[in-house]
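Shown next: structure14.txt, given as compact mmCIF, C-alpha atoms.
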# COMPACT_ATOMS: atom_id res chain seq x y z
CA MET A 1 44.53 52.12 23.02
CA ARG A 2 41.45 51.15 25.02
CA SER A 3 39.75 49.41 22.09
CA ALA A 4 42.99 47.61 21.25
CA GLY A 5 43.05 46.28 24.81
CA ARG A 6 39.53 44.90 24.39
CA THR A 7 40.29 43.14 21.13
CA SER A 8 43.43 41.54 22.54
CA GLY A 9 41.86 40.45 25.85
CA ASP A 10 38.29 39.34 25.14
CA PRO A 11 38.93 37.03 22.18
CA ALA A 12 41.73 35.31 24.09
CA SER A 13 39.56 34.66 27.12
CA ALA A 14 36.69 33.45 24.92
CA GLU A 15 39.05 31.06 23.15
CA GLU A 16 40.29 29.80 26.50
CA ARG A 17 36.74 29.16 27.68
CA ASP A 18 36.06 27.21 24.50
CA GLU A 19 39.16 25.11 25.13
CA VAL A 20 38.04 24.38 28.69
CA ARG A 21 34.59 23.31 27.47
CA LEU A 22 36.21 21.05 24.86
CA ALA A 23 38.47 19.52 27.50
CA ARG A 24 35.46 18.81 29.70
CA ARG A 25 33.55 17.20 26.83
CA GLU A 26 36.51 14.99 25.97
CA GLY A 27 36.97 14.11 29.62
CA LEU A 28 33.32 13.18 30.02
CA GLY A 29 33.49 10.84 27.04
CA VAL A 30 36.53 9.11 28.51
CA VAL A 31 34.83 8.87 31.91
CA ILE A 32 31.79 7.11 30.45
CA ALA A 33 33.84 4.65 28.39
CA THR A 34 36.32 3.80 31.15
CA SER A 35 33.71 3.54 33.89
CA ALA A 36 31.75 0.97 31.92
CA TYR A 37 34.84 -1.22 31.86
CA GLY A 38 34.83 -1.38 35.67
CA VAL A 39 31.98 -3.91 35.56
CA SER A 40 34.37 -6.46 34.06
CA PHE A 41 36.90 -5.90 36.82
CA GLY A 42 34.33 -6.25 39.59
CA ALA A 43 32.96 -9.51 38.21
CA LEU A 44 36.40 -10.96 37.48
CA SER A 45 37.71 -10.01 40.92
CA VAL A 46 34.88 -11.78 42.75
CA ALA A 47 35.25 -14.80 40.50
CA SER A 48 38.98 -14.87 41.33
CA GLY A 49 38.22 -15.34 45.02
CA LEU A 50 38.04 -11.83 46.47
CA ASP A 51 35.01 -10.72 48.48
CA ILE A 52 32.82 -7.85 47.34
CA TRP A 53 34.27 -5.49 49.94
CA GLN A 54 37.84 -6.53 49.06
CA THR A 55 37.12 -5.84 45.41
CA CYS A 56 35.72 -2.39 46.19
CA VAL A 57 38.61 -1.49 48.49
CA LEU A 58 41.04 -2.51 45.76
CA SER A 59 39.44 -0.03 43.35
CA LEU A 60 39.36 2.69 45.99
CA VAL A 61 42.98 2.31 47.06
CA MET A 62 44.86 1.00 44.04
CA PHE A 63 42.79 2.72 41.33
CA THR A 64 44.79 1.82 38.26
CA GLY A 65 43.02 -0.58 35.96
CA GLY A 66 45.99 -2.48 34.56
CA SER A 67 47.47 -3.13 37.99
CA GLN A 68 44.12 -4.22 39.38
CA PHE A 69 43.53 -6.72 36.58
CA ALA A 70 47.07 -8.04 36.99
CA PHE A 71 46.56 -8.50 40.73
CA VAL A 72 43.26 -10.40 40.54
CA GLY A 73 44.42 -12.38 37.50
CA VAL A 74 47.47 -13.74 39.30
CA VAL A 75 45.60 -14.36 42.56
CA GLY A 76 42.82 -16.11 40.66
CA ALA A 77 45.32 -18.41 38.95
CA GLY A 78 47.60 -19.16 41.91
CA GLY A 79 45.64 -18.36 45.07
CA LEU A 80 47.32 -16.98 48.18
CA ALA A 81 50.61 -18.69 47.28
CA ALA A 82 50.87 -16.33 44.31
CA LEU A 83 50.18 -13.20 46.37
CA PRO A 84 53.80 -11.90 46.28
CA ALA A 85 53.90 -12.32 42.51
CA ALA A 86 50.51 -10.63 42.22
CA ILE A 87 51.73 -7.63 44.20
CA ALA A 88 54.94 -7.45 42.16
CA SER A 89 53.00 -7.56 38.88
CA ALA A 90 50.63 -4.83 40.04
CA VAL A 91 53.51 -2.61 41.18
CA LEU A 92 55.35 -3.16 37.93
CA LEU A 93 52.38 -1.95 35.90
CA GLY A 94 51.76 0.95 38.29
CA VAL A 95 55.29 2.35 37.90
CA ARG A 96 54.20 4.16 34.73
CA ASN A 97 52.08 6.46 36.89
CA VAL A 98 55.29 7.84 38.41
CA ALA A 99 56.32 9.07 34.96
CA TYR A 100 52.84 10.53 34.50
CA GLY A 101 53.19 12.38 37.80
CA ILE A 102 56.45 13.97 36.74
CA ARG A 103 54.92 15.12 33.46
CA MET A 104 51.76 16.43 35.12
CA SER A 105 53.51 18.28 37.94
CA PRO A 106 53.66 21.65 36.12
CA VAL A 107 49.97 21.37 35.21
CA ILE A 108 48.84 20.60 38.75
CA GLY A 109 50.75 23.48 40.30
CA ARG A 110 52.13 23.99 43.79
CA GLY A 111 50.67 23.02 47.16
CA PHE A 112 51.01 19.81 49.14
CA ALA A 113 47.28 19.11 49.46
CA ARG A 114 46.67 19.66 45.75
CA ARG A 115 49.56 17.43 44.71
CA ALA A 116 48.64 14.72 47.18
CA ALA A 117 45.09 14.63 45.79
CA ALA A 118 46.33 14.73 42.21
CA ALA A 119 48.62 11.75 42.81
CA HIS A 120 45.62 9.47 43.28
CA PHE A 121 43.93 10.69 40.10
CA THR A 122 47.02 10.53 37.89
CA ILE A 123 46.14 7.67 35.55
CA ASP A 124 46.36 6.94 31.83
CA GLU A 125 43.06 8.63 31.03
CA SER A 126 43.47 11.84 33.03
CA THR A 127 47.01 12.32 31.72
CA ALA A 128 46.00 11.71 28.11
CA VAL A 129 43.04 14.11 28.20
CA SER A 130 45.08 16.80 29.95
CA LEU A 131 48.08 16.68 27.63
CA ALA A 132 45.82 16.77 24.58
CA GLN A 133 44.80 20.35 25.44
CA ARG A 134 46.69 23.52 24.46
CA SER A 135 46.18 25.96 27.32
CA GLU A 136 47.17 25.39 30.94
CA ARG A 137 43.64 26.08 32.16
CA ALA A 138 42.17 23.53 29.76
CA ARG A 139 44.80 20.98 30.73
CA ARG A 140 44.03 21.45 34.39
CA ALA A 141 40.28 21.17 33.80
CA GLY A 142 40.70 18.05 31.68
CA PHE A 143 42.90 16.41 34.28
CA TRP A 144 40.62 16.98 37.28
CA LEU A 145 37.34 16.20 35.53
CA THR A 146 38.69 13.02 33.96
CA GLY A 147 40.55 11.82 37.03
CA ILE A 148 37.74 12.40 39.52
CA GLY A 149 35.07 11.29 37.05
CA VAL A 150 36.80 8.01 36.29
CA PHE A 151 37.43 7.43 40.01
CA VAL A 152 33.75 7.82 40.88
CA GLY A 153 32.49 5.90 37.85
CA TRP A 154 35.04 3.11 38.15
CA ASN A 155 34.23 2.47 41.79
CA LEU A 156 30.48 2.47 41.16
CA THR A 157 30.75 0.02 38.28
CA THR A 158 33.23 -2.10 40.26
CA LEU A 159 30.53 -2.53 42.89
CA VAL A 160 27.96 -3.39 40.23
CA GLY A 161 30.29 -5.93 38.65
CA ALA A 162 31.13 -7.47 42.02
CA LEU A 163 27.44 -7.85 42.86
CA LEU A 164 26.75 -9.36 39.46
CA GLY A 165 29.77 -11.65 39.78
CA ASP A 166 27.98 -13.77 42.39
CA VAL A 167 25.05 -14.13 40.01
CA LEU A 168 26.98 -14.69 36.77
CA GLY A 169 29.13 -17.51 38.15
CA ASP A 170 32.05 -18.70 36.02
CA PRO A 171 33.57 -15.67 34.23
CA LYS A 172 34.64 -17.90 31.32
CA THR A 173 30.99 -18.25 30.36
CA TRP A 174 30.82 -14.53 29.64
CA GLY A 175 34.38 -14.04 28.44
CA LEU A 176 35.34 -11.95 31.47
CA ASP A 177 38.41 -14.10 32.06
CA ALA A 178 39.93 -12.43 29.00
CA ALA A 179 39.41 -8.93 30.40
CA ALA A 180 42.90 -8.71 31.89
CA ALA A 181 44.57 -9.72 28.63
CA ALA A 182 42.38 -7.26 26.76
CA ALA A 183 43.39 -4.47 29.14
CA PHE A 184 47.09 -5.16 28.62
CA LEU A 185 46.65 -5.34 24.85
CA ALA A 186 44.81 -2.01 24.86
CA LEU A 187 47.74 -0.42 26.69
CA LEU A 188 50.32 -2.03 24.42
CA TRP A 189 48.72 -1.66 21.00
CA PRO A 190 49.14 2.13 20.52
CA ARG A 191 52.87 1.76 21.22
CA LEU A 192 53.48 -0.88 18.53
CA ARG A 193 54.55 1.59 15.87
CA GLN A 194 58.26 0.89 15.67
CA ARG A 195 60.29 -2.23 14.97
CA GLN A 196 61.83 -2.27 18.43
CA ALA A 197 58.48 -2.03 20.23
CA ILE A 198 57.06 -4.89 18.15
CA ALA A 199 60.13 -7.03 18.82
CA VAL A 200 59.91 -6.37 22.56
CA GLY A 201 56.22 -7.28 22.62
CA VAL A 202 56.74 -10.51 20.69
CA ALA A 203 59.80 -11.54 22.73
CA ALA A 204 58.06 -10.83 26.05
CA ALA A 205 54.98 -12.79 24.94
CA VAL A 206 57.09 -15.80 23.88
CA VAL A 207 59.03 -15.78 27.15
CA ALA A 208 55.88 -15.50 29.27
CA THR A 209 54.15 -18.28 27.34
CA ALA A 210 57.14 -20.60 27.60
CA LEU A 211 57.57 -20.07 31.35
CA THR A 212 53.89 -20.23 32.33
CA PRO A 213 53.81 -24.06 32.69
CA VAL A 214 56.94 -24.17 34.90
CA LEU A 215 56.69 -21.08 37.14
CA ILE A 216 54.08 -19.98 39.65
CA PRO A 217 51.50 -17.46 38.36
CA GLY A 218 52.84 -13.92 38.10
CA LEU A 219 56.54 -14.76 37.74
CA PRO A 220 56.41 -15.24 33.94
CA VAL A 221 55.14 -11.67 33.63
CA LEU A 222 58.04 -10.37 35.71
CA VAL A 223 60.60 -12.30 33.65
CA ALA A 224 59.01 -11.00 30.44
CA ALA A 225 59.29 -7.47 31.83
CA ALA A 226 63.00 -8.07 32.45
CA VAL A 227 63.37 -9.00 28.77
CA ALA A 228 61.77 -5.70 27.79
CA LEU A 229 64.11 -3.77 30.11
CA ILE A 230 67.20 -5.46 28.66
CA VAL A 231 66.16 -4.73 25.07
CA GLY A 232 65.37 -1.13 25.96
CA TRP A 233 68.61 -0.61 27.88
CA PHE A 234 70.80 -1.80 25.02
CA ASN A 235 68.49 -0.20 22.45
CA TRP A 236 68.44 -3.33 20.30
CA LEU A 237 66.55 -3.24 17.00
CA ALA A 238 66.15 0.53 17.21
CA PRO A 239 66.04 2.60 13.98
CA PRO A 240 69.46 3.76 12.73
CA GLY A 241 68.67 7.33 13.77
CA ASP A 242 68.52 6.24 17.40
CA ALA A 243 72.04 4.83 17.43
CA ALA A 244 73.26 7.76 19.51
CA ALA A 245 70.99 6.66 22.33
CA ARG A 246 72.72 3.28 22.53
CA PRO A 247 75.05 2.94 25.56
CA ALA A 248 78.66 3.30 24.58
CA SER A 249 80.47 -0.01 24.26
CA GLY A 250 84.21 -0.14 23.94
CA ALA A 251 84.35 3.67 24.11
CA SER A 252 85.37 3.93 27.73
CA ALA A 253 88.88 4.80 26.70
Let me see the file written as C-alpha cells.
Amino acid sequence: MRSAGRTSGDPASAEERDEVRLARREGLGVVIATSAYGVSFGALSVASGLDIWQTCVLSLVMFTGGSQFAFVGVVGAGGLAALPAAIASAVLLGVRNVAYGIRMSPVIGRGFARRAAAAHFTIDESTAVSLAQRSERARRAGFWLTGIGVFVGWNLTTLVGALLGDVLGDPKTWGLDAAAAAAFLALLWPRLRQRQAIAVGVAAAVVATALTPVLIPGLPVLVAAAVALIVGWFNWLAPPGDAAARPASGASA
C-alpha cells in the first residue's frame, strides 16, 4: 500500500513540474518576441505626435498592442480632431480582452487583489500560453510569467522606440508606418480558416478602403467592424453544419 502510494504520487508531481517548466519556457519565448515588437510602437507613437512620456504612459495604462497601434495610427492621421475615433477604435479592439478574462477566471482563482492584477495582464499572449498547457498549475505559471514578462519587456522597448523615434525621423523611411496594419493582420490571419471569416475580412477591408477618403480617420474602421457584426449575427456564409446557430427567421409562430 505504501509503495503504491509512492508510485502514484511522485510520478504525477514530477510530470507536473515538467509541465510548469515547459510553460515557463514557452512563455519566455513569447515574452522575447513580443517585447521586441514594442520598439515599433514607441517609434511610431512619437512620430504620430505623442511625447515620449505620453507614449510610455499609454503602454503602462492601456497595455494591449492592437489597441495602442490603433490609437496612435488614428491620431497620427487625423490629429486631435480624430481623438474620439481613436479612442473608439482602441476600445473596440480591446473588447476581446473581456472574453479572455472570462475564460481565464477559473485559472486565476479567487481573491479580489489577484483578479484585479490579472486583469491588467490578460492579453493575447498570456491567454494563449496559459490555455496551451494541460495542468492548472502549468496554466497559472504560463499566464503570470507571460503576462508580467510581456508587460515589463513591452514598456522597456516602448521607451527605447520612443527615444529612437526622435532620431529616426519619418517612420515611412523605416517602414514603421506599416506596423499597425501588420499588427492587425497578425491578429486576423490565424482566424482566416473558414469561408465566413474570409468573407468578413474581405468585406470589412473593402468598406474601410472605400470610406477612408470621405470620413475622418478612425470612423472607417468602426463602420467595417459593424459589417463584421452584422455578418456574424446573421451567420451569413457559414458552413451548412452551422445552420442551427442562425437566428430563427419566420419561426416566431
Of the listed residues A:Val39, A:Leu44, A:Val200, A:Ala141, that which approaches Leu229 of chain A most closely, counting all atoms listed in the file: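 Comparing A:Val39, A:Leu44, A:Val200, A:Ala141 against Leu229 of chain A, the winner is A:Val200.
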For segment 102-116 of chain A: contacts at 12 Å, only C-alpha atoms, fewer than 3 positions along chain excluded, given as JSON, numbers by chain: {"A": [95, 96, 97, 98, 99, 119, 120, 121, 122, 123, 124, 126, 127, 128, 129, 130, 131, 133, 134, 135, 136, 137, 138, 139, 140, 141, 142, 143, 144]}
Residue nearest Val202 of chain A - candidates A:Val214, A:Ala70, A:Ala77, A:Ala228, atoms counted: only C-alpha atoms: A:Ala228
Around all the atoms of segment 37-44 of chain A listed in the file, with 4 Å of room on each side, what axis-aligned box do you get, giving centre and edge lengths in Å to one decimal, as AutoDock Vina command-line options?
--center_x 34.4 --center_y -6.1 --center_z 35.7 --size_x 12.9 --size_y 17.7 --size_z 15.7
Do you know which residues are at most 8 Å from segment 50-58 of chain A counting only C-alpha atoms, after dropping those on the same chain fewer than 5 positions away, and could you put them as an mmCIF file with C-alpha atoms, keeping the file's coordinate frame?
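Result file is around.cif:
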data_model
loop_
_atom_site.group_PDB
_atom_site.id
_atom_site.type_symbol
_atom_site.label_atom_id
_atom_site.label_comp_id
_atom_site.auth_asym_id
_atom_site.auth_seq_id
_atom_site.Cartn_x
_atom_site.Cartn_y
_atom_site.Cartn_z
ATOM 1 C CA GLY A 42 34.330 -6.250 39.590
ATOM 2 C CA SER A 45 37.710 -10.010 40.920
ATOM 3 C CA PHE A 63 42.790 2.720 41.330
ATOM 4 C CA GLN A 68 44.120 -4.220 39.380
ATOM 5 C CA ASN A 155 34.230 2.470 41.790
ATOM 6 C CA THR A 158 33.230 -2.100 40.260
ATOM 7 C CA LEU A 159 30.530 -2.530 42.890
ATOM 8 C CA ALA A 162 31.130 -7.470 42.020
ATOM 9 C CA LEU A 163 27.440 -7.850 42.860
#
Atom-to-atom span, atom CA of Ser48 of chain A and atom CA of Leu164 of chain A, Å: 13.5 Å
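Residues surrounding Ala90 of chain A within 10 Å are Met62, Thr64, Gly65, Gly66, Ser67, Gln68, Phe69, Ala70, Phe71, Val72, Val74, Pro84, Ala85, Val95 and Gly218 of chain A [all atoms listed in the file; sequence separation below 5 positions excluded].
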Atom CA of Gly27 of chain A to atom CA of Leu145 of chain A, distance in Å rounded to a single decimal: 6.3 Å
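Computed from the coordinates, the atom CA of Ala33 of chain A to atom CA of Ile148 of chain A distance equals 14.1 Å.
Using all atoms listed in the file, the smallest distance between any of A:Gly149, A:Val223, A:Arg25, A:Ala43 and Leu211 of chain A comes from A:Val223.
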Contacts of Ile32 of chain A at 12 Å (only C-alpha atoms; same-chain gap of 6+ positions) as a list in words: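 The filter keeps Arg25, Glu26, Gly38, Glu125, Leu145, Thr146, Gly147, Gly149, Val150, Phe151, Val152, Gly153, Trp154, Leu156 and Thr157 of chain A.
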